[in-house]
>>> print(open('final38.txt').read())   # compact mmCIF, C-alpha atoms and all ligand atoms
# COMPACT_ATOMS: atom_id res chain seq x y z
CA TRP E 1 -24.98 -20.29 13.44
CA VAL E 2 -21.93 -18.20 12.62
CA ARG E 3 -20.00 -18.28 9.36
CA ILE E 4 -16.37 -17.15 9.72
CA VAL E 5 -13.65 -16.40 7.17
CA THR E 6 -10.07 -15.20 7.79
CA GLY E 7 -7.80 -13.53 5.24
CA GLN E 8 -4.28 -12.14 5.29
CA THR E 9 -2.97 -9.35 3.05
CA PRO E 10 0.52 -7.84 2.89
CA THR E 11 1.21 -4.16 2.49
CA ASN E 12 2.71 -2.68 -0.67
CA ILE E 13 5.26 0.05 -1.30
CA ALA E 14 4.99 2.25 -4.38
CA VAL E 15 8.08 2.66 -6.55
CA ILE E 16 6.18 5.01 -8.90
CA LYS E 17 3.93 6.97 -6.57
CA TYR E 18 0.22 7.67 -6.57
CA TRP E 19 -0.31 11.26 -5.40
CA GLY E 20 -3.48 13.11 -6.38
CA LYS E 21 -7.07 12.22 -7.18
CA ARG E 22 -9.32 13.25 -10.05
CA ASP E 23 -12.36 11.97 -8.11
CA GLU E 24 -12.31 12.04 -4.29
CA ASN E 25 -15.37 9.92 -3.73
CA LEU E 26 -14.60 7.06 -6.11
CA ILE E 27 -10.84 7.44 -5.41
CA LEU E 28 -9.65 7.82 -8.99
CA PRO E 29 -6.00 8.86 -9.39
CA ILE E 30 -4.35 11.42 -11.69
CA ASN E 31 -1.63 8.96 -12.75
CA ASP E 32 -0.78 5.26 -12.96
CA SER E 33 1.39 3.87 -10.15
CA ILE E 34 3.56 0.76 -9.62
CA SER E 35 4.29 -0.97 -6.32
CA VAL E 36 5.98 -4.02 -4.87
CA THR E 37 3.98 -6.18 -2.48
CA LEU E 38 5.91 -7.20 0.63
CA ASP E 39 6.22 -10.70 1.94
CA PRO E 40 3.00 -11.72 3.77
CA ASN E 41 5.04 -13.10 6.70
CA HIS E 42 6.24 -9.66 7.70
CA LEU E 43 4.11 -6.55 7.26
CA CYS E 44 0.52 -7.61 6.89
CA THR E 45 -3.04 -7.33 8.10
CA THR E 46 -5.06 -10.33 9.23
CA THR E 47 -8.82 -9.91 9.14
CA THR E 48 -11.52 -12.23 10.40
CA VAL E 49 -15.06 -11.57 9.23
CA ALA E 50 -18.15 -13.26 10.62
CA VAL E 51 -21.85 -13.25 9.80
CA SER E 52 -24.69 -14.51 11.97
CA PRO E 53 -28.44 -13.90 12.23
CA ALA E 54 -27.71 -12.99 15.88
CA PHE E 55 -25.73 -9.86 14.89
CA ASP E 56 -27.90 -6.73 15.03
CA LYS E 57 -25.49 -4.31 13.30
CA ASP E 58 -22.19 -4.17 11.41
CA ARG E 59 -19.24 -3.75 13.81
CA MET E 60 -15.47 -3.59 13.47
CA TRP E 61 -12.47 -3.93 15.79
CA LEU E 62 -8.93 -2.80 14.84
CA ASN E 63 -6.12 -4.29 16.93
CA GLY E 64 -8.70 -5.23 19.58
CA LYS E 65 -10.38 -1.80 19.85
CA GLU E 66 -13.81 -1.14 18.40
CA ILE E 67 -13.79 1.49 15.64
CA SER E 68 -16.57 3.24 13.77
CA LEU E 69 -17.75 1.86 10.45
CA ALA E 70 -19.57 5.07 9.65
CA GLY E 71 -17.03 6.50 7.16
CA ASP E 72 -17.95 6.62 3.47
CA ARG E 73 -14.95 4.53 2.51
CA PHE E 74 -15.91 1.52 4.65
CA GLN E 75 -19.53 1.88 3.65
CA ASN E 76 -18.70 2.03 -0.06
CA CYS E 77 -16.63 -1.16 0.19
CA LEU E 78 -19.29 -2.98 2.22
CA ARG E 79 -22.04 -1.92 -0.15
CA GLU E 80 -20.13 -2.97 -3.27
CA ILE E 81 -19.34 -6.39 -1.81
CA ARG E 82 -22.90 -6.93 -0.49
CA LYS E 83 -24.27 -6.10 -3.95
CA ARG E 84 -22.27 -8.97 -5.40
CA ALA E 85 -22.95 -11.55 -2.66
CA THR E 86 -24.23 -14.95 -3.82
CA ASP E 87 -25.80 -18.07 -2.24
CA VAL E 88 -23.80 -19.83 0.48
CA GLU E 89 -24.41 -23.31 1.79
CA GLU E 90 -22.45 -25.10 4.55
CA GLU E 91 -24.50 -28.23 5.15
CA GLU E 92 -22.56 -29.62 8.14
CA LYS E 93 -23.05 -26.32 10.05
CA GLY E 94 -26.66 -25.88 8.97
CA ILE E 95 -25.83 -22.62 7.17
CA LYS E 96 -27.91 -21.69 4.17
CA ILE E 97 -27.83 -18.08 2.98
CA ALA E 98 -29.68 -17.07 -0.16
CA LYS E 99 -28.43 -14.14 -2.26
CA LYS E 100 -31.35 -11.94 -1.16
CA ASP E 101 -30.72 -12.67 2.58
CA TRP E 102 -27.40 -10.77 2.60
CA GLU E 103 -29.17 -7.39 2.62
CA ASN E 104 -30.54 -8.10 6.11
CA LEU E 105 -27.51 -9.84 7.62
CA HIS E 106 -24.83 -8.00 9.60
CA VAL E 107 -21.09 -8.63 9.80
CA HIS E 108 -18.51 -8.43 12.56
CA ILE E 109 -14.95 -7.64 11.46
CA ALA E 110 -11.76 -8.06 13.52
CA SER E 111 -8.55 -6.77 11.97
CA TYR E 112 -4.95 -6.91 13.23
CA ASN E 113 -1.88 -5.16 11.84
CA ASN E 114 1.51 -6.57 12.72
CA PHE E 115 3.11 -3.12 12.26
CA PRO E 116 2.38 0.41 13.52
CA THR E 117 -0.79 1.89 12.03
CA ALA E 118 -0.43 5.23 10.22
CA ALA E 119 3.37 5.39 10.66
CA GLY E 120 3.73 5.83 6.92
CA LEU E 121 4.07 2.09 6.49
CA ALA E 122 0.97 1.90 4.29
CA SER E 123 -1.21 0.11 6.82
CA SER E 124 -4.40 1.38 5.18
CA ALA E 125 -3.41 -0.40 1.99
CA ALA E 126 -3.15 -3.81 3.64
CA GLY E 127 -6.16 -3.16 5.88
CA LEU E 128 -8.67 -2.20 3.23
CA ALA E 129 -7.43 -4.82 0.77
CA CYS E 130 -7.81 -7.48 3.46
CA LEU E 131 -11.28 -6.28 4.42
CA VAL E 132 -12.51 -6.48 0.84
CA PHE E 133 -10.85 -9.84 0.19
CA SER E 134 -12.22 -11.44 3.38
CA LEU E 135 -15.74 -10.06 2.94
CA ALA E 136 -15.77 -11.25 -0.67
CA ARG E 137 -14.97 -14.77 0.48
CA LEU E 138 -17.51 -14.62 3.30
CA MET E 139 -20.24 -13.59 0.89
CA ASN E 140 -19.13 -15.93 -1.88
CA VAL E 141 -18.50 -13.09 -4.32
CA LYS E 142 -17.49 -14.50 -7.71
CA GLU E 143 -15.68 -11.43 -9.06
CA ASP E 144 -12.04 -11.79 -10.16
CA GLN E 145 -9.05 -10.10 -8.45
CA GLY E 146 -9.16 -7.11 -10.83
CA GLN E 147 -12.77 -6.34 -9.95
CA LEU E 148 -12.07 -6.82 -6.24
CA SER E 149 -9.13 -4.43 -6.56
CA ALA E 150 -11.51 -1.77 -7.95
CA ILE E 151 -13.64 -2.20 -4.81
CA ALA E 152 -10.60 -2.05 -2.48
CA ARG E 153 -9.58 1.14 -4.34
CA GLN E 154 -12.73 2.80 -2.99
CA GLY E 155 -11.49 2.07 0.54
CA SER E 156 -8.00 3.52 0.00
CA GLY E 157 -6.33 4.08 -3.36
CA SER E 158 -3.13 2.18 -2.59
CA ALA E 159 -5.17 -0.78 -1.27
CA CYS E 160 -6.07 -1.86 -4.80
CA ARG E 161 -2.42 -2.85 -5.37
CA SER E 162 -2.28 -5.17 -2.32
CA LEU E 163 -4.52 -7.85 -3.85
CA TYR E 164 -1.62 -9.19 -5.90
CA GLY E 165 1.89 -10.31 -5.00
CA GLY E 166 5.04 -9.25 -6.85
CA PHE E 167 5.08 -6.01 -8.82
CA VAL E 168 1.68 -4.46 -9.41
CA LYS E 169 0.41 -1.61 -11.57
CA TRP E 170 -2.65 0.46 -10.72
CA ILE E 171 -4.07 1.62 -14.05
CA MET E 172 -5.60 5.06 -13.51
CA GLY E 173 -8.36 4.53 -16.08
CA LYS E 174 -10.29 7.17 -17.99
CA SER E 175 -13.96 6.55 -17.34
CA GLU E 176 -15.89 8.70 -14.88
CA ASP E 177 -17.51 5.77 -13.09
CA GLY E 178 -14.09 4.28 -12.25
CA SER E 179 -14.80 0.94 -13.93
CA ASP E 180 -11.41 0.94 -15.71
CA SER E 181 -9.36 1.99 -12.65
CA PHE E 182 -7.99 -1.19 -11.10
CA ALA E 183 -4.75 -3.09 -10.42
CA VAL E 184 -2.98 -5.67 -12.58
CA GLN E 185 0.06 -7.80 -11.83
CA VAL E 186 3.22 -6.79 -13.72
CA THR E 187 5.31 -9.79 -12.61
CA ASP E 188 4.65 -12.35 -9.88
CA GLU E 189 6.53 -12.70 -6.56
CA LYS E 190 8.95 -15.32 -7.93
CA HIS E 191 10.11 -13.22 -10.88
CA TRP E 192 12.68 -11.01 -9.09
CA ASP E 193 13.33 -12.75 -5.80
CA ASP E 194 16.94 -11.53 -5.43
CA LEU E 195 15.62 -8.19 -4.15
CA VAL E 196 15.66 -7.66 -0.39
CA ILE E 197 13.46 -5.00 1.15
CA LEU E 198 14.35 -3.35 4.47
CA ILE E 199 12.41 -0.63 6.19
CA ALA E 200 14.36 1.77 8.39
CA VAL E 201 11.86 2.93 11.00
CA VAL E 202 12.81 6.55 11.62
CA SER E 203 9.63 7.26 13.54
CA SER E 204 6.69 5.08 14.47
CA GLN E 205 4.55 8.09 15.34
CA GLN E 206 1.42 8.94 13.44
CA LYS E 207 2.08 11.29 10.52
CA GLU E 208 0.99 14.94 10.76
CA THR E 209 -0.66 15.24 7.36
CA SER E 210 -2.60 12.21 6.13
CA SER E 211 -2.05 11.10 2.54
CA THR E 212 -5.67 11.90 1.77
CA SER E 213 -5.54 15.56 2.81
CA GLY E 214 -1.92 16.00 1.67
CA MET E 215 -2.69 14.93 -1.88
CA ARG E 216 -5.83 17.06 -1.95
CA GLU E 217 -3.75 20.14 -1.08
CA SER E 218 -1.13 19.24 -3.69
CA VAL E 219 -3.79 18.85 -6.42
CA GLU E 220 -5.20 22.24 -5.50
CA THR E 221 -1.93 24.16 -5.33
CA SER E 222 1.06 22.42 -6.96
CA LEU E 223 1.91 23.13 -10.60
CA LEU E 224 4.77 20.66 -10.31
CA LEU E 225 2.25 17.88 -9.52
CA LYS E 226 0.33 18.65 -12.72
CA HIS E 227 3.52 18.46 -14.77
CA ARG E 228 4.55 15.26 -13.00
CA ALA E 229 1.21 13.51 -13.59
CA GLN E 230 0.89 14.53 -17.23
CA GLU E 231 4.45 14.58 -18.54
CA ILE E 232 6.75 12.59 -16.27
CA VAL E 233 4.88 9.61 -14.84
CA PRO E 234 3.46 8.18 -18.13
CA LYS E 235 7.04 7.76 -19.47
CA ARG E 236 8.38 6.52 -16.14
CA ILE E 237 5.70 3.84 -15.90
CA LEU E 238 6.81 2.34 -19.22
CA GLN E 239 10.48 2.49 -18.24
CA MET E 240 9.76 0.97 -14.84
CA GLU E 241 7.80 -1.93 -16.36
CA GLU E 242 10.74 -2.62 -18.70
CA ALA E 243 13.24 -2.46 -15.82
CA ILE E 244 11.16 -4.90 -13.74
CA LYS E 245 10.63 -7.35 -16.58
CA ASN E 246 14.36 -7.32 -17.41
CA LYS E 247 15.45 -7.31 -13.74
CA ASP E 248 17.54 -4.27 -14.64
CA PHE E 249 18.53 -3.04 -11.17
CA PRO E 250 20.42 0.14 -12.22
CA SER E 251 17.36 1.45 -14.12
CA PHE E 252 15.02 0.26 -11.37
CA ALA E 253 17.03 2.08 -8.70
CA ARG E 254 17.36 5.26 -10.75
CA LEU E 255 13.61 5.44 -11.41
CA THR E 256 12.58 4.49 -7.87
CA CYS E 257 14.80 7.11 -6.19
CA ALA E 258 13.91 9.81 -8.73
CA ASP E 259 10.20 9.18 -8.31
CA SER E 260 10.36 9.27 -4.52
CA ASN E 261 12.32 12.53 -4.66
CA GLN E 262 9.88 14.06 -7.13
CA PHE E 263 6.91 13.05 -4.99
CA HIS E 264 8.48 14.82 -1.99
CA ALA E 265 9.30 17.80 -4.23
CA THR E 266 5.58 18.10 -5.09
CA CYS E 267 4.87 18.07 -1.35
CA LEU E 268 7.30 21.00 -0.94
CA ASP E 269 5.65 22.69 -3.92
CA THR E 270 2.28 22.50 -2.14
CA THR E 271 0.91 25.57 -0.32
CA PRO E 272 1.41 25.39 2.61
CA PRO E 273 4.35 22.99 2.05
CA ILE E 274 4.14 19.46 3.43
CA PHE E 275 7.24 17.89 5.01
CA TYR E 276 7.14 14.13 5.30
CA MET E 277 10.88 13.44 5.47
CA ASN E 278 13.09 14.64 8.33
CA ASP E 279 16.85 15.07 8.84
CA THR E 280 17.35 11.34 9.41
CA SER E 281 15.52 10.57 6.14
CA HIS E 282 17.80 13.02 4.32
CA LYS E 283 20.88 11.48 5.90
CA ILE E 284 19.79 8.03 4.70
CA ILE E 285 19.39 9.37 1.14
CA SER E 286 22.91 10.85 1.23
CA ILE E 287 24.43 7.61 2.53
CA VAL E 288 22.77 5.53 -0.19
CA GLU E 289 23.56 8.02 -2.98
CA LYS E 290 27.22 8.20 -1.95
CA TRP E 291 27.53 4.43 -1.72
CA ASN E 292 25.85 3.84 -5.09
CA ARG E 293 28.17 6.33 -6.76
CA ALA E 294 31.24 4.66 -5.25
CA GLU E 295 30.30 1.27 -6.77
CA THR E 296 30.38 0.35 -10.45
CA THR E 297 26.64 -0.31 -10.28
CA PRO E 298 23.95 0.80 -7.76
CA GLN E 299 23.44 -1.48 -4.77
CA VAL E 300 20.35 -0.03 -3.09
CA ALA E 301 17.25 1.98 -4.04
CA TYR E 302 15.37 4.14 -1.54
CA THR E 303 11.81 5.33 -1.46
CA PHE E 304 9.78 7.28 1.12
CA ASP E 305 6.00 7.41 1.38
CA ALA E 306 4.00 9.97 3.36
CA GLY E 307 6.31 9.74 6.38
CA PRO E 308 10.01 9.78 7.35
CA ASN E 309 10.61 5.99 7.23
CA ALA E 310 12.93 4.73 4.50
CA VAL E 311 12.07 1.73 2.37
CA LEU E 312 15.38 0.39 1.12
CA ILE E 313 15.46 -2.12 -1.72
CA ALA E 314 18.79 -3.94 -1.99
CA ARG E 315 19.78 -5.67 -5.22
CA ASP E 316 20.57 -8.92 -3.39
CA ARG E 317 21.38 -10.46 0.01
CA LYS E 318 24.98 -9.34 -0.09
CA ALA E 319 24.01 -5.71 -0.68
CA ALA E 320 21.36 -5.97 2.07
CA THR E 321 23.94 -7.21 4.57
CA GLN E 322 26.33 -4.40 3.65
CA LEU E 323 23.48 -1.92 3.91
CA LEU E 324 22.69 -3.04 7.45
CA GLN E 325 26.37 -2.74 8.40
CA ARG E 326 26.51 0.79 6.98
CA MET E 327 23.34 1.82 8.76
CA LEU E 328 24.69 0.53 12.06
CA TYR E 329 27.88 2.50 11.47
CA TYR E 330 26.14 5.80 10.66
CA PHE E 331 23.32 5.33 13.19
CA PRO E 332 24.88 3.59 16.20
CA PRO E 333 22.23 2.04 18.41
CA GLY E 334 21.57 3.81 21.70
CA ALA E 335 18.93 5.47 23.80
CA ASP E 336 18.77 8.63 21.66
CA ALA E 337 19.45 6.96 18.31
CA ASP E 338 17.93 8.58 15.22
CA LEU E 339 16.93 5.23 13.83
CA ASN E 340 14.52 3.15 15.89
CA SER E 341 14.75 -0.20 14.21
CA PHE E 342 14.74 -2.13 10.99
CA VAL E 343 11.81 -4.09 9.74
CA VAL E 344 12.54 -6.73 7.18
CA GLY E 345 9.95 -6.63 4.45
CA ASP E 346 11.18 -9.73 2.74
CA LYS E 347 11.74 -13.33 3.65
CA SER E 348 15.11 -13.72 2.00
CA ILE E 349 17.26 -12.26 4.80
C1 LIG X 401 2.52 8.24 -0.73
O1 LIG X 401 -3.69 5.23 -0.64
O2 LIG X 401 -3.08 6.19 1.61
O3 LIG X 401 1.81 6.04 -0.18
O4 LIG X 401 -6.36 6.91 -1.48
O5 LIG X 401 -6.53 8.81 0.12
O6 LIG X 401 -6.46 6.44 0.97
P1 LIG X 401 -6.02 7.41 -0.11
O7 LIG X 401 -4.45 7.55 0.00
P2 LIG X 401 -3.33 6.42 0.17
O8 LIG X 401 -2.09 7.19 -0.47
C2 LIG X 401 -0.85 6.56 -0.64
C3 LIG X 401 0.17 7.57 -1.05
C4 LIG X 401 1.59 7.07 -1.10
C5 LIG X 401 1.99 6.64 -2.51
C6 LIG X 401 1.49 5.30 -2.98
O9 LIG X 401 1.27 4.38 -2.17
O10 LIG X 401 1.38 5.16 -4.21
>>> encode(input="final38.txt", output="structure tokens")
Amino acid sequence: WVRIVTGQTPTNIAVIKYWGKRDENLILPINDSISVTLDPNHLCTTTTVAVSPAFDKDRMWLNGKEISLAGDRFQNCLREIRKRATDVEEEEKGIKIAKKDWENLHVHIASYNNFPTAAGLASSAAGLACLVFSLARLMNVKEDQGQLSAIARQGSGSACRSLYGGFVKWIMGKSEDGSDSFAVQVTDEKHWDDLVILIAVVSSQQKETSSTSGMRESVETSLLLKHRAQEIVPKRILQMEEAIKNKDFPSFARLTCADSNQFHATCLDTTPPIFYMNDTSHKIISIVEKWNRAETTPQVAYTFDAGPNAVLIARDRKAATQLLQRMLYYFPPGADADLNSFVVGDKSI
């Protein structure tokens, strides 16, 4: 017999960034972070997991190519899920798995991303969250979303925020074992559905410095990061939660842009400095800043993760349409265009 489960998990984009760990192995952050989960129809990972007595080892395929499961992060997630596995019975298929059997059973995992992996579009977040979610269902794990998010966190920090829709907060926690470091939903996906998220793909190439090593170097060398984590982010988290709850776009945009810029400033403050944005990214920032200042109230917020691609959050459909028109004007399409394409991260446009 074979038991099969499929899950789908969208990616998330941080509006208050996670950058820096206090524990590398358990993946515990130095500050809280807040993200928005994208629409599952657009940027997401689909993962099918299967178990059968015929499988002789754990194996995984990513976008059709077999990859190694040897890394600590995969192994930590697998172990934590296996520990919590419970009895499974599917009478019509003749499947009966007792809790103790799971230790000796192997899984096959097939995962697909519908967007470029490692292009700074947070594919690891969706991937690891989906892996944990699908395995938990396969093994009939009874833990709630919060506890599953703490397991996904051990795969990739930002993954813990992808187990919920809407706006999500990753609480950094204080304990050394990481038991209080997990994600909670701030508001659900229906709360602020005027927002339209567009991603301007500046480059779909793999980034030079991974988030994991970049943040390690920043923790080791940047004084600005220390100040940010201790003094700035705690206040910003409270203000951001207020802005989201009140659907206060001017405050939301101000905080989102400021936090993205400060995150990239900590990258510059790292020795040796890390450059994630390029000239096209900077041009996009100038266009948005200029436009927002020309209006009575801001129309668009921008944020950049560990790569040059811009995530643009428009206050509504009208602003999103105008944004696209502006982008086409400043970046005319053509063979040597600076902007490759737009990915719509939201169903409303
Ligand atoms: C800039 O979650 O990819 O996107 O925990 O080492 O796997 P690891 O790092 P990762 O870092 C994401 C960094 C970020 C900001 C964010 O998503 O909060």
>>> axis_aligned_box(input="final38.txt", around="region 245-258 of chain E", padding_each_side="5 Å", output="JSON")
{"center_x": 15.5, "center_y": 1.2, "center_z": -11.8, "size_x": 19.8, "size_y": 27.2, "size_z": 21.2}
>>> residues_near_point(input="final38.txt", point="(-7.1, -2.1, 5.2)", cutoff="10 Å", atoms="all atoms listed in the file", output="ChimeraX atom specification")
/E:9-11,44-47,62,74,111-113,122-133,152,155-156,158-159,162
>>> atom_distance(input="final38.txt", atom1="CA of Leu195 (chain E)", atom2="CA of Pro308 (chain E)")
22.1 Å
>>> closest_atom_pairs(input="final38.txt", of="chain E", to="ligand LIG 401 (chain X)", cutoff="8 Å", atoms="all atoms listed in the file", output="CSV")
residue,atom,partner,partner_atom,distance
E:Asn12,CA,X:LIG401,O9,7.4
E:Ile13,CA,X:LIG401,O9,6.0
E:Ala14,CA,X:LIG401,O10,4.6
E:Val15,CA,X:LIG401,O10,7.5
E:Ile16,CA,X:LIG401,O10,6.7
E:Lys17,CA,X:LIG401,O10,3.9
E:Tyr18,CA,X:LIG401,O10,3.6
E:Trp19,CA,X:LIG401,C3,5.7
E:Lys21,CA,X:LIG401,O4,7.8
E:Glu24,CA,X:LIG401,O5,8.0
E:Ile27,CA,X:LIG401,O4,6.0
E:Ser33,CA,X:LIG401,O10,6.1
E:Ile34,CA,X:LIG401,O10,7.3
E:Ser35,CA,X:LIG401,O10,7.1
E:Gly120,CA,X:LIG401,O3,7.4
E:Ala122,CA,X:LIG401,O3,6.2
E:Ser124,CA,X:LIG401,O2,6.1
E:Ala125,CA,X:LIG401,O1,6.2
E:Arg153,CA,X:LIG401,O4,7.2
E:Gln154,CA,X:LIG401,O4,7.7
E:Gly155,CA,X:LIG401,O6,6.7
E:Ser156,CA,X:LIG401,O6,3.4
E:Gly157,CA,X:LIG401,O4,3.4
E:Ser158,CA,X:LIG401,O1,3.7
E:Ala159,CA,X:LIG401,O1,6.2
E:Ser210,CA,X:LIG401,O2,7.5
E:Ser211,CA,X:LIG401,O8,4.9
E:Thr212,CA,X:LIG401,O5,3.6
E:Ser213,CA,X:LIG401,O5,7.3
E:Met215,CA,X:LIG401,O5,7.5
E:Phe263,CA,X:LIG401,C1,7.8
E:Phe304,CA,X:LIG401,C1,7.6
E:Asp305,CA,X:LIG401,C1,4.2
E:Ala306,CA,X:LIG401,C1,4.7
>>> closest_atom_pairs(input="final38.txt", of="region 174-230 of chain E", to="region 269-285 of chain E", cutoff="8 Å", atoms="all atoms listed in the file", output="JSON lines")
{"residue": "E:Val202", "atom": "CA", "partner": "E:Thr280", "partner_atom": "CA", "distance": 7.0}
{"residue": "E:Lys207", "atom": "CA", "partner": "E:Tyr276", "partner_atom": "CA", "distance": 7.8}
{"residue": "E:Thr209", "atom": "CA", "partner": "E:Ile274", "partner_atom": "CA", "distance": 7.5}
{"residue": "E:Gly214", "atom": "CA", "partner": "E:Ile274", "partner_atom": "CA", "distance": 7.2}
{"residue": "E:Glu217", "atom": "CA", "partner": "E:Thr270", "partner_atom": "CA", "distance": 6.6}
{"residue": "E:Ser218", "atom": "CA", "partner": "E:Thr270", "partner_atom": "CA", "distance": 5.0}
{"residue": "E:Thr221", "atom": "CA", "partner": "E:Thr270", "partner_atom": "CA", "distance": 5.5}
{"residue": "E:Ser222", "atom": "CA", "partner": "E:Thr270", "partner_atom": "CA", "distance": 5.0}
{"residue": "E:Leu223", "atom": "CA", "partner": "E:Asp269", "partner_atom": "CA", "distance": 7.7}
{"residue": "E:Leu224", "atom": "CA", "partner": "E:Asp269", "partner_atom": "CA", "distance": 6.8}
>>> atom_distance(input="final38.txt", atom1="CA of Ser181 (chain E)", atom2="CA of Ala150 (chain E)")
6.4 Å
>>> residues_around(input="final38.txt", residues="region 257-262 of chain E", least_positions_apart="2", cutoff="7 Å", atoms="all atoms listed in the file", output="MDAnalysis selection string")
chainID E and resid 16:17 253:255 264:266 301:304
>>> write_last_selection(input="final38.txt", atoms="C-alpha atoms", output="compact mmCIF listing (two decimals), in the frame of the given file")
# COMPACT_ATOMS: atom_id res chain seq x y z
CA ILE E 16 6.18 5.01 -8.90
CA LYS E 17 3.93 6.97 -6.57
CA ALA E 253 17.03 2.08 -8.70
CA ARG E 254 17.36 5.26 -10.75
CA LEU E 255 13.61 5.44 -11.41
CA HIS E 264 8.48 14.82 -1.99
CA ALA E 265 9.30 17.80 -4.23
CA THR E 266 5.58 18.10 -5.09
CA ALA E 301 17.25 1.98 -4.04
CA TYR E 302 15.37 4.14 -1.54
CA THR E 303 11.81 5.33 -1.46
CA PHE E 304 9.78 7.28 1.12
>>> atom_distance(input="final38.txt", atom1="CA of Trp1 (chain E)", atom2="CA of Ala54 (chain E)")
8.2 Å
>>> residues_around(input="final38.txt", residues="Leu148 (chain E)", least_positions_apart="6", cutoff="10 Å", atoms="all atoms listed in the file", output="list in words")
Cys77, Glu80, Ile81, Ala129, Val132, Phe133, Ala136, Val141, Lys142, Cys160, Leu163, Phe182 and Ala183 of chain E
>>> closest_residue(input="final38.txt", among="E:Asn104, E:Val300, E:Cys267, E:Gly166", to="Lys190 (chain E)", atoms="all atoms listed in the file")
E:Gly166
>>> residues_around(input="final38.txt", residues="region 318-327 of chain E", least_positions_apart="6", cutoff="10 Å", atoms="all atoms listed in the file", output="ChimeraX atom specification")
/E:194-198,200,284,287-288,291,298-300,312,333,339,342,348-349
>>> closest_residue(input="final38.txt", among="E:Thr48, E:Thr297, E:Ser134, E:Asn140", to="Thr86 (chain E)", atoms="only C-alpha atoms")
E:Asn140
>>> closest_residue(input="final38.txt", among="E:Ile313, E:Leu268, E:Phe55, E:Gln239", to="Leu225 (chain E)", atoms="all atoms listed in the file")
E:Leu268
>>> build_atoms(input="final38.txt", residues="region 173-184 of chain E", atoms="N, CA and C atoms", output="short mmCIF file (atom, residue, chain, number, x, y, z; two decimals), keeping the file's coordinate frame")
data_model
loop_
_atom_site.label_atom_id
_atom_site.label_comp_id
_atom_site.auth_asym_id
_atom_site.auth_seq_id
_atom_site.Cartn_x
_atom_site.Cartn_y
_atom_site.Cartn_z
N GLY E 173 -7.08 4.57 -15.39
CA GLY E 173 -8.36 4.53 -16.08
C GLY E 173 -8.80 5.91 -16.56
N LYS E 174 -9.81 5.90 -17.42
CA LYS E 174 -10.29 7.17 -17.99
C LYS E 174 -11.75 7.43 -17.67
N SER E 175 -12.51 6.37 -17.45
CA SER E 175 -13.96 6.55 -17.34
C SER E 175 -14.35 7.22 -16.03
N GLU E 176 -15.47 7.93 -16.06
CA GLU E 176 -15.89 8.70 -14.88
C GLU E 176 -16.43 7.82 -13.77
N ASP E 177 -16.94 6.63 -14.13
CA ASP E 177 -17.51 5.77 -13.09
C ASP E 177 -16.43 4.89 -12.43
N GLY E 178 -15.19 4.99 -12.89
CA GLY E 178 -14.09 4.28 -12.25
C GLY E 178 -13.97 2.81 -12.65
N SER E 179 -14.78 2.37 -13.60
CA SER E 179 -14.80 0.94 -13.93
C SER E 179 -13.48 0.46 -14.55
N ASP E 180 -12.68 1.38 -15.12
CA ASP E 180 -11.41 0.94 -15.71
C ASP E 180 -10.20 1.36 -14.84
N SER E 181 -10.46 1.62 -13.56
CA SER E 181 -9.36 1.99 -12.65
C SER E 181 -9.15 0.87 -11.65
N PHE E 182 -8.21 -0.02 -11.97
CA PHE E 182 -7.99 -1.19 -11.10
C PHE E 182 -6.53 -1.64 -11.22
N ALA E 183 -6.16 -2.65 -10.43
CA ALA E 183 -4.75 -3.09 -10.42
C ALA E 183 -4.56 -4.34 -11.28
N VAL E 184 -3.37 -4.45 -11.86
CA VAL E 184 -2.98 -5.67 -12.58
C VAL E 184 -1.57 -6.07 -12.13
#
